[in-house]
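To start, the structure under review is shown below, and the notes come after it.
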Protein chains: 2
Amino acid sequence: MDRAELIPALKNTATRLRIESVRATSEAGSGHPTSCCSAADLVAALFFGEMRFDPKDPHHPGSDRFVLSKGHAAPVLYAAWAEAGAFDRSELLKLRTIGSDLEGHPTPRLPFVDVATGSLGQGICAAIGSALNARRIGADYRTYCLIGDGESAEGSVWEAADVAAVEALDNLCGITDVNALGQSRDTMWRHDMEQFARRWRAFGWHAIVVDGHDMPAILGSLAEARATKGVPTMVLARTIKGKGIPFVEGKPGWHGRTFKKGDELDRALEELEKQFVPAPMGVKLHEQIPRPPSRPAVSTPPVLLEPPSYKLKDQVATREAYGEALAKLGKADSRVVALDADVKNSTFSEKFEARMPERFYQNFIAEQVMMGSAMGLAARGAIPFPSTFACFLARAADFVRMAAISNLNVKIAGSHAGISIGEDGPSQMALEDLAMFRAQPNFVVLYPCDGVSTERLVALMAAHPGPAYMRTSRPKTEVIYGSDETFRIGGLKVLRQSPRDVVTVVGAGVTVFEALAAYERLKASDTPVRVIDLYSVAPIDRDALVAAGKATGGRILTVEDHYRAGGIGDAVADAVSEAGIRVHRLAVREIPRSGKPAELLDRYGISANHIVDAVQALAGGRIGAAPAH
Amino acid sequence: MDRAELIPALKNTATRLRIESVRATSEAGSGHPTSCCSAADLVAALFFGEMRFDPKDPHHPGSDRFVLSKGHAAPVLYAAWAEAGAFDRSELLKLRTIGSDLEGHPTPRLPFVDVATGSLGQGICAAIGSALNARRIGADYRTYCLIGDGESAEGSVWEAADVAAVEALDNLCGITDVNALGQSRDTMWRHDMEQFARRWRAFGWHAIVVDGHDMPAILGSLAEARATKGVPTMVLARTIKGKGIPFVEGKPGWHGRTFKKGDELDRALEELEKQFVPAPMGVKLHEQIPRPPSRPAVSTPPVLLEPPSYKLKDQVATREAYGEALAKLGKADSRVVALDADVKNSTFSEKFEARMPERFYQNFIAEQVMMGSAMGLAARGAIPFPSTFACFLARAADFVRMAAISNLNVKIAGSHAGISIGEDGPSQMALEDLAMFRAQPNFVVLYPCDGVSTERLVALMAAHPGPAYMRTSRPKTEVIYGSDETFRIGGLKVLRQSPRDVVTVVGAGVTVFEALAAYERLKASDTPVRVIDLYSVAPIDRDALVAAGKATGGRILTVEDHYRAGGIGDAVADAVSEAGIRVHRLAVREIPRSGKPAELLDRYGISANHIVDAVQALAGGRIGAAPAH
């Protein structure tokens with residue numbers, strides 16, 4: 001069919017998408033119909049005039065991808081997939097009801113949604129991951145991403161702009177729906193298309209300005225994007241919010257407002273019906289969607305890592321062991337990729353880059369796009385390990401939140417945890433990262449203390465299906481586990497125990513060594529304690545903690561290089577509180593400062609000295625005061 | 001003194017700054033001397049050839065401000081203030097030691113530091129707040145901000161670029177130290193100055209490219225910035241990392257590396273000494289720093305708010321009561337300012353804008369610059385209330401972290417907490433915000449349940465010196481407190497009690513009403529419970545919780561519209577665990593979905609039904625199963 005025949009059919013498809021969006025949101029009584037109407041021509045053109053996909057198999061590895069970064073336009077996305085034949089149109093009226101997967105904003109509960117959107121500025125970052133994945137698997141699928149004009153104020157959009165240009169992602173095409181109206185007022189640049197164009201061009205993209213309601217122009221811009229090599233393309237589409245319904249077109253006050261069932265809705269639908277144009281009979285656009293080429297099934301090699309090569313008493317930082325393990329893993333499994341934000345020599349992800357440079361993605365100092373890109377890679381079958389200083393993961397906290405909502409297979413690593421980093425001071429110390437990751441109900445949170453456990457846990461987190469976080473430390477620590485020691489997600493290690501233990505001391509990471517030092521001093525004073533390495537903070541081994549607490553007088557002492565709230569103390573209390581076990585805590589209770597690591601551990605109350613004092617107080621015993629170390 | 005005489009003295013000052021930076025970092029054994037050397041000429045020019053300030057009174061309200069956004073160059077900042085006479089030069093060698101406030105990265109422990117830096121891309125946002133504050137108080141001070149080239153990859157920098165241009169902040173001057181080397185490799189754009197210039201110009205700034213080691217050119221660019229009206233200026237300075245020490249100049253591998261004491265340090269210092277040029281005798285630049293004009297002391301009017309006007313049983317959403325209280329407060333105190341990210345009609349901060357538009361700052365959809373700007377405003381004496389949906393505060397989590405480190409007087413409000421928002425779905429639900437704010441040891445965390453407590457707590461948080469967070473809810477809730485009820489930070493309210501209570505039920509926000517409904521049903525079955533409104537989550541009223549727990553069989557049941565980890569359950573367990581009280585929890589335990597608020601409360605286990613069931617199980621009693629509501 002030639003282009004001239006296609007146009008009227010596409011226009012009518014866009015009209016149907018508008019009608020479905022308006023109907024569904026009115027039925028739901030909430031939603032964003034006017035945001036759907038501005039985007040309907042763009043979505044119709046993409047789905048029925050540009051993209052290559054199989055509506056019945058949205059996960060097909062060769063399919064073009066579409067990311068709706070402006071997630072509040074979800075109804076037009078759902079209408080497009082229904083129109084394509086992915087599911088029955090009648091489902092659309094169940095929008096936003098508790099029994100339907102057609103939620104207020106898209107989530108991967110729907111098979112055609114790669115990443116949850118609705119927090120603006122994230123979809124475009126995930127689209128980069130999707131585009132990088134095509135390169136990883138040698139596929140020629142393209143990735144399209146629809147963003148809002150208001151959304152373009154998010155800094156993450158410009159992080160994405162830089163990375164896509166540096167990576168020369170010509171398989172990525174953004175489309176900005178410039179409808180000039182935000183939620184509460186007009187946008188920063190309204191319909192000044194030049195403002196958008198000069199920004200994207202300055203960031204190295206090919207930018208095309210079009211009328212977002214001119215179907216031939218839209219199709220032309222998408223074709224131009226496809227033909228543009230070496231740089232990504234941004235189609236800047238001038239649109240009207242509420243397009244097709246004259247009494248709301250371009251009017252403020254209609255964001256997130258639905259048409260009242262009855263006269264108001266009837267009038268809107270009537271206006272939309274008027275938009276249908278004569279079209280050649282028998283044109284069934286959904287039957288003409290080009291299908292992706294079949295691809296040979298990829299057989300994933302089994303991951304067989306050799307045992308760690310560390311010997312007992314070796315001194316190795318867990319961050320370095322992380323880098324080593326990551327490199328081993330990457331060698332064994334081509335799905336494993338690593339992402340950095342210009343700290344690869346501190347996190348030791350440079351060990352991965354040295355061996356697998358083609359699967360190492362540099363994001364420079366831009367943590368949001370690093371995380372968003374990882375989310376897109378995970379959605380397409382890669383096993384991404386983004387890593388940076390743990391404190392700077394807070395920069396991507398909202399991406400972590402959305403990764404959890406999407407239940408994506410991301411493996412995040414944060415180095416330089418806690419005050420034990422020393423002289424760099426509080427801005428470089430992660431003291432709330434455990435709180436951030438523990439809060440998400442589906443995140444695994446691991447915190448190894450030595451080289452062997454780090455390497456084993458990196459392999460376990462890679463094999464675990466779902467999101468995971470590993471916290472590593474800056475200082476070198478002693479290898480305490482033999483290379484044949486086994487670990488499990490949800491486990492812990494009892495390192496010291498006797499039948500006479502008076503308290504259970506729970507540490508993790510660097511505080512394991514403080515607990516072991518305290519153990520020796522307490523033992524010398526005949527005050528035996530049980531020592532636990534809580535390497536898996538979430539899930540947590542509730543039974544083992546309760547058993548240990550019960551065996552030691554109903555008392556547990558936690559000690560952690562983290563602020564008091566949200567970390568190990570809270571995790572252990574949650575595990576044992578219902579069993580009536582008392583949890584006492586040593587944690588960092590104030591904003592710390594620069595100093596030597598050992599000085600800081602002592603000053604902020606988490607050193608062996610403080611453990612000895614606390615155990616002594618709990619046991620009611622008297623142990624000679626220990627000298628500061 | 002004319003410009004020609006000034007130049008050699010400024011050059012020698014820059015050389016001294018380099019020498020001090022190199023010496024101090026070698027003495028400390030860590031730090032970033034080469035990052036100081038690239039910036040030394042820029043800093044010398046600013047401090048001794050451009051800025052107006054009083055070294056002995058850095059907080060002077062009329063002083064020009066300098067924000068070192070690239071905080072790792074702290075030693076050159078410290079050297080400049082010592083050179084200006086703020087403190088004795090001998091202090092510099094105490095850099096990074098536990099007894100000195102000259103930390104690895106700058107913090108407001110030092111009187112001349114407005115906001116802590118070291119997390120890149122934040123200082124430029126704070127500088128916007130500082131520049132807005134000048135406008136608020138009608139002062140003509142200027143704000144200067146030095147950022148790194150690698151730092152420019154952070155999206156927050158471009159959020160700042162937009163807001164500064166939209167606000168036409170011609171009293172703001174950025175300087176980018178383009179030394180072409182990041183931490184682990186060359187930067188994205190190396191020395192391609194045009195890449196920087198075209199970006200800043202596209203974002204609406206006046207951009208000037210200069211040689212960052214050409215003193216007359218630097219001074220000229222700063223003068224040009226001062227003369228530029230209507231737009232902010234960015235000076236793009238091409239520099240050499242390690243400038244002045246030929247054997248490291250422009251060499252990779254020298255980021256964050258100090259000169260080893262002995263030969264290596266001696267050689268570096270020898271090279272730097274060679275840089276001194278002949279200068280006119282008797283030029284004492286620090287004695288010639290222009291002082292700020294004296295300003296009349298601002299008398300702050302006492303904040304006397306009339307009692308809330310809500311009546312018992314009124315239905316009002318706490319988010320709306322927040323907006324109303326904020327507007328009343330702003331009317332009463334000119335220090336109060338409000339910041340939005342295009343959701344003012346949802347958070348109801350539009351009520352503030354309607355009455356005080358000149359103190360309402362719109363950041364469009366850019367939460368990082370909203371928070372950073374608030375930090376800068378707080379540092380200069382304003383009482384800023386940034387607000388957005390609570391979930392999107394996660395976008396600014398790293399700014400929250402740095403605000404805590406700076407102990408700034410920011411008052412953050414997050415609306416639409418929890419699953420009770422209903423149909424919009426998980427991307428719009430904050431279920432980890434309490435974890436984020438509780439983790440910071442100096443944050444007050446408030447969570448009112450009705451209109452009266454909201455209004456009273458907004459006034460209390462404004463009066464509290466230090467950072468605070470308020471969580472508000474979307475649905476309307478009943479006013480349960482009389483307008484004369486008093487509240488306190490660190491308090492709670494016992495809403496129901498009897499001598500026979502079998503369990504203490506602790507709720508907050510919307511779950512207070514679930515607890516009250518459960519109370520009625522349990523009372524009808526002769527199972528009395530104590531009901532607590534935990535409106536102050538941090539600090540928490542430990543004594544009152546322990547007393548309630550002891551009075552009710554050692555049992556507390558928490559119920560919260562938040563994920564299980566990091567919120568109210570953890571806070572209460574922390575408060576009472578050492579006292580041996582068992583804490584049982586009802587909280588959201590999985591990723592939720594779209595649905596009606598009441599449906600969701602029931603499905604995710606935090607409705608009155610679940611409270612009744614849990615109390616029944618705890619009390620070991622038998623209460624007729626309640627119908628779902």
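We label chains A, B, ... in the order they appear in the structure tokens, count residues from 1 in each chain, and number ligands from 1 in the order shown.
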Residue list (strand (DSSP E), DSSP) for segment 288-475 of chain B, as a PDB file with N, CA, C and O atoms, in the first residue's frame:
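And here's out-v3.pdb as it stands now:
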ATOM      1  N   GLN B 315     -14.250  17.790  56.727  1.00  0.00           N
ATOM      2  CA  GLN B 315     -13.451  16.888  55.893  1.00  0.00           C
ATOM      3  C   GLN B 315     -12.444  17.735  55.119  1.00  0.00           C
ATOM      4  O   GLN B 315     -12.845  18.584  54.322  1.00  0.00           O
ATOM      5  N   VAL B 316     -11.155  17.523  55.387  1.00  0.00           N
ATOM      6  CA  VAL B 316     -10.132  18.294  54.678  1.00  0.00           C
ATOM      7  C   VAL B 316      -8.889  17.422  54.490  1.00  0.00           C
ATOM      8  O   VAL B 316      -8.482  16.701  55.400  1.00  0.00           O
ATOM      9  N   ALA B 317      -8.331  17.463  53.295  1.00  0.00           N
ATOM     10  CA  ALA B 317      -7.098  16.706  53.050  1.00  0.00           C
ATOM     11  C   ALA B 317      -5.935  17.425  53.727  1.00  0.00           C
ATOM     12  O   ALA B 317      -5.854  18.656  53.689  1.00  0.00           O
ATOM     13  N   VAL B 336       9.635  33.340  54.950  1.00  0.00           N
ATOM     14  CA  VAL B 336       9.052  32.103  54.410  1.00  0.00           C
ATOM     15  C   VAL B 336       8.899  32.223  52.892  1.00  0.00           C
ATOM     16  O   VAL B 336       8.314  33.194  52.393  1.00  0.00           O
ATOM     17  N   VAL B 337       9.441  31.253  52.181  1.00  0.00           N
ATOM     18  CA  VAL B 337       9.305  31.198  50.723  1.00  0.00           C
ATOM     19  C   VAL B 337       8.840  29.790  50.340  1.00  0.00           C
ATOM     20  O   VAL B 337       9.017  28.845  51.108  1.00  0.00           O
ATOM     21  N   ALA B 338       8.241  29.671  49.178  1.00  0.00           N
ATOM     22  CA  ALA B 338       7.750  28.361  48.735  1.00  0.00           C
ATOM     23  C   ALA B 338       8.329  28.032  47.365  1.00  0.00           C
ATOM     24  O   ALA B 338       8.512  28.921  46.529  1.00  0.00           O
ATOM     25  N   LEU B 339       8.633  26.760  47.168  1.00  0.00           N
ATOM     26  CA  LEU B 339       9.193  26.299  45.895  1.00  0.00           C
ATOM     27  C   LEU B 339       8.357  25.137  45.373  1.00  0.00           C
ATOM     28  O   LEU B 339       7.979  24.250  46.132  1.00  0.00           O
ATOM     29  N   ASP B 340       8.144  25.137  44.070  1.00  0.00           N
ATOM     30  CA  ASP B 340       7.274  24.133  43.447  1.00  0.00           C
ATOM     31  C   ASP B 340       7.979  23.497  42.257  1.00  0.00           C
ATOM     32  O   ASP B 340       8.926  24.047  41.706  1.00  0.00           O
ATOM     33  N   PHE B 360       7.377  33.018  45.661  1.00  0.00           N
ATOM     34  CA  PHE B 360       7.031  31.680  45.181  1.00  0.00           C
ATOM     35  C   PHE B 360       7.910  31.383  43.976  1.00  0.00           C
ATOM     36  O   PHE B 360       7.899  32.120  43.002  1.00  0.00           O
ATOM     37  N   TYR B 361       8.701  30.321  44.055  1.00  0.00           N
ATOM     38  CA  TYR B 361       9.665  30.025  42.989  1.00  0.00           C
ATOM     39  C   TYR B 361       9.265  28.746  42.257  1.00  0.00           C
ATOM     40  O   TYR B 361       9.223  27.666  42.835  1.00  0.00           O
ATOM     41  N   GLN B 362       8.996  28.910  40.976  1.00  0.00           N
ATOM     42  CA  GLN B 362       8.581  27.795  40.139  1.00  0.00           C
ATOM     43  C   GLN B 362       9.806  27.149  39.507  1.00  0.00           C
ATOM     44  O   GLN B 362      10.598  27.831  38.848  1.00  0.00           O
ATOM     45  N   ILE B 383      13.354  30.886  54.992  1.00  0.00           N
ATOM     46  CA  ILE B 383      12.795  29.631  55.510  1.00  0.00           C
ATOM     47  C   ILE B 383      12.021  28.990  54.354  1.00  0.00           C
ATOM     48  O   ILE B 383      10.836  29.256  54.154  1.00  0.00           O
ATOM     49  N   PRO B 384      12.727  28.181  53.556  1.00  0.00           N
ATOM     50  CA  PRO B 384      12.124  27.663  52.321  1.00  0.00           C
ATOM     51  C   PRO B 384      11.305  26.398  52.544  1.00  0.00           C
ATOM     52  O   PRO B 384      11.709  25.486  53.256  1.00  0.00           O
ATOM     53  N   PHE B 385      10.155  26.357  51.896  1.00  0.00           N
ATOM     54  CA  PHE B 385       9.277  25.179  51.879  1.00  0.00           C
ATOM     55  C   PHE B 385       9.187  24.639  50.455  1.00  0.00           C
ATOM     56  O   PHE B 385       8.296  25.017  49.694  1.00  0.00           O
ATOM     57  N   PRO B 386      10.090  23.755  50.050  1.00  0.00           N
ATOM     58  CA  PRO B 386       9.914  23.080  48.762  1.00  0.00           C
ATOM     59  C   PRO B 386       8.894  21.949  48.928  1.00  0.00           C
ATOM     60  O   PRO B 386       8.917  21.234  49.925  1.00  0.00           O
ATOM     61  N   SER B 387       8.014  21.815  47.969  1.00  0.00           N
ATOM     62  CA  SER B 387       7.043  20.716  48.078  1.00  0.00           C
ATOM     63  C   SER B 387       6.717  20.130  46.715  1.00  0.00           C
ATOM     64  O   SER B 387       6.722  20.823  45.699  1.00  0.00           O
ATOM     65  N   THR B 388       6.460  18.836  46.729  1.00  0.00           N
ATOM     66  CA  THR B 388       5.986  18.121  45.552  1.00  0.00           C
ATOM     67  C   THR B 388       5.330  16.839  46.040  1.00  0.00           C
ATOM     68  O   THR B 388       5.147  16.659  47.254  1.00  0.00           O
ATOM     69  N   PHE B 389       4.942  15.961  45.125  1.00  0.00           N
ATOM     70  CA  PHE B 389       4.489  14.639  45.538  1.00  0.00           C
ATOM     71  C   PHE B 389       5.628  13.997  46.337  1.00  0.00           C
ATOM     72  O   PHE B 389       6.791  14.069  45.936  1.00  0.00           O
ATOM     73  N   LYS B 411      12.425  23.127  54.919  1.00  0.00           N
ATOM     74  CA  LYS B 411      11.153  22.562  55.388  1.00  0.00           C
ATOM     75  C   LYS B 411      10.482  21.892  54.203  1.00  0.00           C
ATOM     76  O   LYS B 411       9.836  22.560  53.383  1.00  0.00           O
ATOM     77  N   ILE B 412      10.666  20.609  54.091  1.00  0.00           N
ATOM     78  CA  ILE B 412      10.246  19.881  52.900  1.00  0.00           C
ATOM     79  C   ILE B 412       8.870  19.267  53.138  1.00  0.00           C
ATOM     80  O   ILE B 412       8.612  18.733  54.213  1.00  0.00           O
ATOM     81  N   ALA B 413       8.008  19.367  52.142  1.00  0.00           N
ATOM     82  CA  ALA B 413       6.696  18.750  52.277  1.00  0.00           C
ATOM     83  C   ALA B 413       6.437  17.833  51.096  1.00  0.00           C
ATOM     84  O   ALA B 413       6.679  18.208  49.944  1.00  0.00           O
ATOM     85  N   GLY B 414       5.953  16.648  51.389  1.00  0.00           N
ATOM     86  CA  GLY B 414       5.627  15.672  50.347  1.00  0.00           C
ATOM     87  C   GLY B 414       4.167  15.264  50.463  1.00  0.00           C
ATOM     88  O   GLY B 414       3.743  14.784  51.514  1.00  0.00           O
ATOM     89  N   SER B 415       3.430  15.460  49.389  1.00  0.00           N
ATOM     90  CA  SER B 415       2.000  15.122  49.406  1.00  0.00           C
ATOM     91  C   SER B 415       1.782  13.762  48.750  1.00  0.00           C
ATOM     92  O   SER B 415       2.714  13.139  48.255  1.00  0.00           O
ATOM     93  N   VAL B 444      13.675  16.389  61.401  1.00  0.00           N
ATOM     94  CA  VAL B 444      12.375  16.216  62.047  1.00  0.00           C
ATOM     95  C   VAL B 444      11.429  15.632  60.997  1.00  0.00           C
ATOM     96  O   VAL B 444      11.430  16.095  59.850  1.00  0.00           O
ATOM     97  N   VAL B 445      10.658  14.614  61.374  1.00  0.00           N
ATOM     98  CA  VAL B 445       9.719  13.994  60.438  1.00  0.00           C
ATOM     99  C   VAL B 445       8.313  14.028  61.041  1.00  0.00           C
ATOM    100  O   VAL B 445       8.073  13.419  62.083  1.00  0.00           O
ATOM    101  N   LEU B 446       7.426  14.760  60.383  1.00  0.00           N
ATOM    102  CA  LEU B 446       6.068  14.964  60.884  1.00  0.00           C
ATOM    103  C   LEU B 446       5.058  14.353  59.911  1.00  0.00           C
ATOM    104  O   LEU B 446       5.273  14.361  58.701  1.00  0.00           O
ATOM    105  N   ALA B 468      13.515  19.709  58.284  1.00  0.00           N
ATOM    106  CA  ALA B 468      12.279  19.034  58.675  1.00  0.00           C
ATOM    107  C   ALA B 468      11.525  18.564  57.440  1.00  0.00           C
ATOM    108  O   ALA B 468      11.651  19.152  56.356  1.00  0.00           O
ATOM    109  N   TYR B 469      10.768  17.514  57.620  1.00  0.00           N
ATOM    110  CA  TYR B 469       9.940  16.948  56.556  1.00  0.00           C
ATOM    111  C   TYR B 469       8.519  16.756  57.059  1.00  0.00           C
ATOM    112  O   TYR B 469       8.321  16.295  58.175  1.00  0.00           O
ATOM    113  N   MET B 470       7.550  17.104  56.229  1.00  0.00           N
ATOM    114  CA  MET B 470       6.153  16.801  56.531  1.00  0.00           C
ATOM    115  C   MET B 470       5.551  15.960  55.424  1.00  0.00           C
ATOM    116  O   MET B 470       5.672  16.293  54.247  1.00  0.00           O
ATOM    117  N   ARG B 471       4.879  14.889  55.840  1.00  0.00           N
ATOM    118  CA  ARG B 471       4.212  13.974  54.903  1.00  0.00           C
ATOM    119  C   ARG B 471       2.714  14.254  54.945  1.00  0.00           C
ATOM    120  O   ARG B 471       2.108  14.236  56.014  1.00  0.00           O
TER     121      ARG B 471
END
**Prompt:** Near segment 111-124 of chain A, counting only C-alpha atoms, which residues have an atom at most 6 Å away, once you skip same-chain residues fewer than 6 positions from it, shown as a PyMOL selection string?
**Reply:** (chain A and resi 58+69+71-72+105+151+154+156-157+379+406) or (chain B and resi 427)
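Closest approach to chain B among A:Pro528, A:Pro293, A:Pro307, A:Gly155 is made by A:Gly155 (distances from only C-alpha atoms).
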**Message:** Just to confirm, what's the straight-line distance from atom CA of Asp214 of chain A to atom CA of Glu194 of chain A in Å (one decimal)?
**Reply:**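 Taking atom CA of Asp214 of chain A and atom CA of Glu194 of chain A, their separation equals 18.6 Å.
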**Request:** Write out as a VMD selection string the residues lying within 10 Å of Asp342 of chain B, counting only C-alpha atoms and excluding same-chain residues fewer than 4 positions away.
**Result:** (chain A and resid 150 182 to 187) or (chain B and resid 346 to 347 350 362 to 367 387 to 388)
Keeping N, CA, C and O atoms, export the residues of the selection given above as a PDB file, in the first residue's frame.
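Result file again-v5.pdb:
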ATOM      1  N   GLY A 150       7.024  19.291  29.243  1.00  0.00           N
ATOM      2  CA  GLY A 150       7.287  19.631  30.640  1.00  0.00           C
ATOM      3  C   GLY A 150       8.346  18.726  31.230  1.00  0.00           C
ATOM      4  O   GLY A 150       9.224  19.156  31.985  1.00  0.00           O
ATOM      5  N   GLY A 182       1.781  22.227  31.142  1.00  0.00           N
ATOM      6  CA  GLY A 182       2.160  21.285  32.192  1.00  0.00           C
ATOM      7  C   GLY A 182       0.962  20.951  33.056  1.00  0.00           C
ATOM      8  O   GLY A 182      -0.196  21.111  32.631  1.00  0.00           O
ATOM      9  N   GLN A 183       1.241  20.464  34.264  1.00  0.00           N
ATOM     10  CA  GLN A 183       0.125  20.124  35.145  1.00  0.00           C
ATOM     11  C   GLN A 183      -0.553  21.378  35.677  1.00  0.00           C
ATOM     12  O   GLN A 183      -1.767  21.494  35.652  1.00  0.00           O
ATOM     13  N   SER A 184       0.259  22.306  36.164  1.00  0.00           N
ATOM     14  CA  SER A 184      -0.328  23.417  36.914  1.00  0.00           C
ATOM     15  C   SER A 184      -0.279  24.743  36.167  1.00  0.00           C
ATOM     16  O   SER A 184      -0.828  25.727  36.632  1.00  0.00           O
ATOM     17  N   ARG A 185       0.376  24.743  34.998  1.00  0.00           N
ATOM     18  CA  ARG A 185       0.518  25.999  34.270  1.00  0.00           C
ATOM     19  C   ARG A 185       1.145  25.707  32.906  1.00  0.00           C
ATOM     20  O   ARG A 185       1.400  24.557  32.568  1.00  0.00           O
ATOM     21  N   ASP A 186       1.402  26.761  32.132  1.00  0.00           N
ATOM     22  CA  ASP A 186       2.084  26.539  30.866  1.00  0.00           C
ATOM     23  C   ASP A 186       3.527  26.099  31.136  1.00  0.00           C
ATOM     24  O   ASP A 186       4.083  26.360  32.196  1.00  0.00           O
ATOM     25  N   THR A 187       4.128  25.415  30.183  1.00  0.00           N
ATOM     26  CA  THR A 187       5.490  24.923  30.385  1.00  0.00           C
ATOM     27  C   THR A 187       6.495  26.063  30.249  1.00  0.00           C
ATOM     28  O   THR A 187       6.150  27.178  29.849  1.00  0.00           O
TER      29      THR A 187
ATOM     30  N   SER B 346      -1.705  20.408  43.186  1.00  0.00           N
ATOM     31  CA  SER B 346      -1.895  19.148  43.909  1.00  0.00           C
ATOM     32  C   SER B 346      -1.407  19.252  45.351  1.00  0.00           C
ATOM     33  O   SER B 346      -1.987  18.662  46.254  1.00  0.00           O
ATOM     34  N   THR B 347      -0.306  19.965  45.549  1.00  0.00           N
ATOM     35  CA  THR B 347       0.233  20.140  46.909  1.00  0.00           C
ATOM     36  C   THR B 347      -0.443  21.304  47.613  1.00  0.00           C
ATOM     37  O   THR B 347      -0.262  21.496  48.802  1.00  0.00           O
ATOM     38  N   GLU B 350      -0.121  26.397  45.725  1.00  0.00           N
ATOM     39  CA  GLU B 350      -0.678  27.514  44.945  1.00  0.00           C
ATOM     40  C   GLU B 350      -1.392  28.533  45.835  1.00  0.00           C
ATOM     41  O   GLU B 350      -1.529  29.700  45.467  1.00  0.00           O
ATOM     42  N   GLN B 362       8.996  28.910  40.976  1.00  0.00           N
ATOM     43  CA  GLN B 362       8.581  27.795  40.139  1.00  0.00           C
ATOM     44  C   GLN B 362       9.806  27.149  39.507  1.00  0.00           C
ATOM     45  O   GLN B 362      10.598  27.831  38.848  1.00  0.00           O
ATOM     46  N   ASN B 363       9.970  25.862  39.698  1.00  0.00           N
ATOM     47  CA  ASN B 363      11.116  25.141  39.127  1.00  0.00           C
ATOM     48  C   ASN B 363      10.714  24.204  37.990  1.00  0.00           C
ATOM     49  O   ASN B 363      11.530  23.436  37.525  1.00  0.00           O
ATOM     50  N   PHE B 364       9.439  24.274  37.595  1.00  0.00           N
ATOM     51  CA  PHE B 364       8.939  23.331  36.604  1.00  0.00           C
ATOM     52  C   PHE B 364       9.241  21.891  37.066  1.00  0.00           C
ATOM     53  O   PHE B 364       9.419  21.688  38.271  1.00  0.00           O
ATOM     54  N   ILE B 365       9.307  20.943  36.169  1.00  0.00           N
ATOM     55  CA  ILE B 365       9.420  19.549  36.647  1.00  0.00           C
ATOM     56  C   ILE B 365      10.892  19.210  36.860  1.00  0.00           C
ATOM     57  O   ILE B 365      11.511  18.488  36.079  1.00  0.00           O
ATOM     58  N   ALA B 366      11.460  19.723  37.939  1.00  0.00           N
ATOM     59  CA  ALA B 366      12.893  19.584  38.185  1.00  0.00           C
ATOM     60  C   ALA B 366      13.110  19.639  39.692  1.00  0.00           C
ATOM     61  O   ALA B 366      13.365  20.691  40.269  1.00  0.00           O
ATOM     62  N   GLU B 367      13.011  18.477  40.311  1.00  0.00           N
ATOM     63  CA  GLU B 367      13.021  18.405  41.765  1.00  0.00           C
ATOM     64  C   GLU B 367      14.392  18.672  42.363  1.00  0.00           C
ATOM     65  O   GLU B 367      14.508  19.141  43.504  1.00  0.00           O
ATOM     66  N   SER B 387       8.014  21.815  47.969  1.00  0.00           N
ATOM     67  CA  SER B 387       7.043  20.716  48.078  1.00  0.00           C
ATOM     68  C   SER B 387       6.717  20.130  46.715  1.00  0.00           C
ATOM     69  O   SER B 387       6.722  20.823  45.699  1.00  0.00           O
ATOM     70  N   THR B 388       6.460  18.836  46.729  1.00  0.00           N
ATOM     71  CA  THR B 388       5.986  18.121  45.552  1.00  0.00           C
ATOM     72  C   THR B 388       5.330  16.839  46.040  1.00  0.00           C
ATOM     73  O   THR B 388       5.147  16.659  47.254  1.00  0.00           O
TER      74      THR B 388
END
**Prompt:** Leaving out Ala430 of chain A and any residue of its chain fewer than 6 positions from it, which residues lie within 10 Å of it when counting only C-alpha atoms, given as a list of chain:residue names?
**Reply:**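 These residues fall inside the cut-off: A:Phe389, A:Ala390, A:Cys391, A:Phe392, A:Leu393, A:Ala394, A:Gly414, A:Ser415, A:His416, A:Ala417, A:Gly418, A:Ile419, A:Ser420, A:Ile421, A:Arg471, A:Ser473, A:Asp561, A:His562, A:Tyr563, B:Arg401.
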**Message:** Just the number, please: distance in Å from atom CA of Leu95 of chain B to atom CA of Met429 of chain A, one decimal.
**Reply:**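 Taking atom CA of Leu95 of chain B as the start and atom CA of Met429 of chain A as the end point, the length is 17.7 Å.
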**Asked** Could you pull out all residues of segment 244-322 of chain A with a DSSP call of helix (DSSP H, G or I) and give them as a ChimeraX atom specification?
**Response** /A:263-273,285-288,318-322
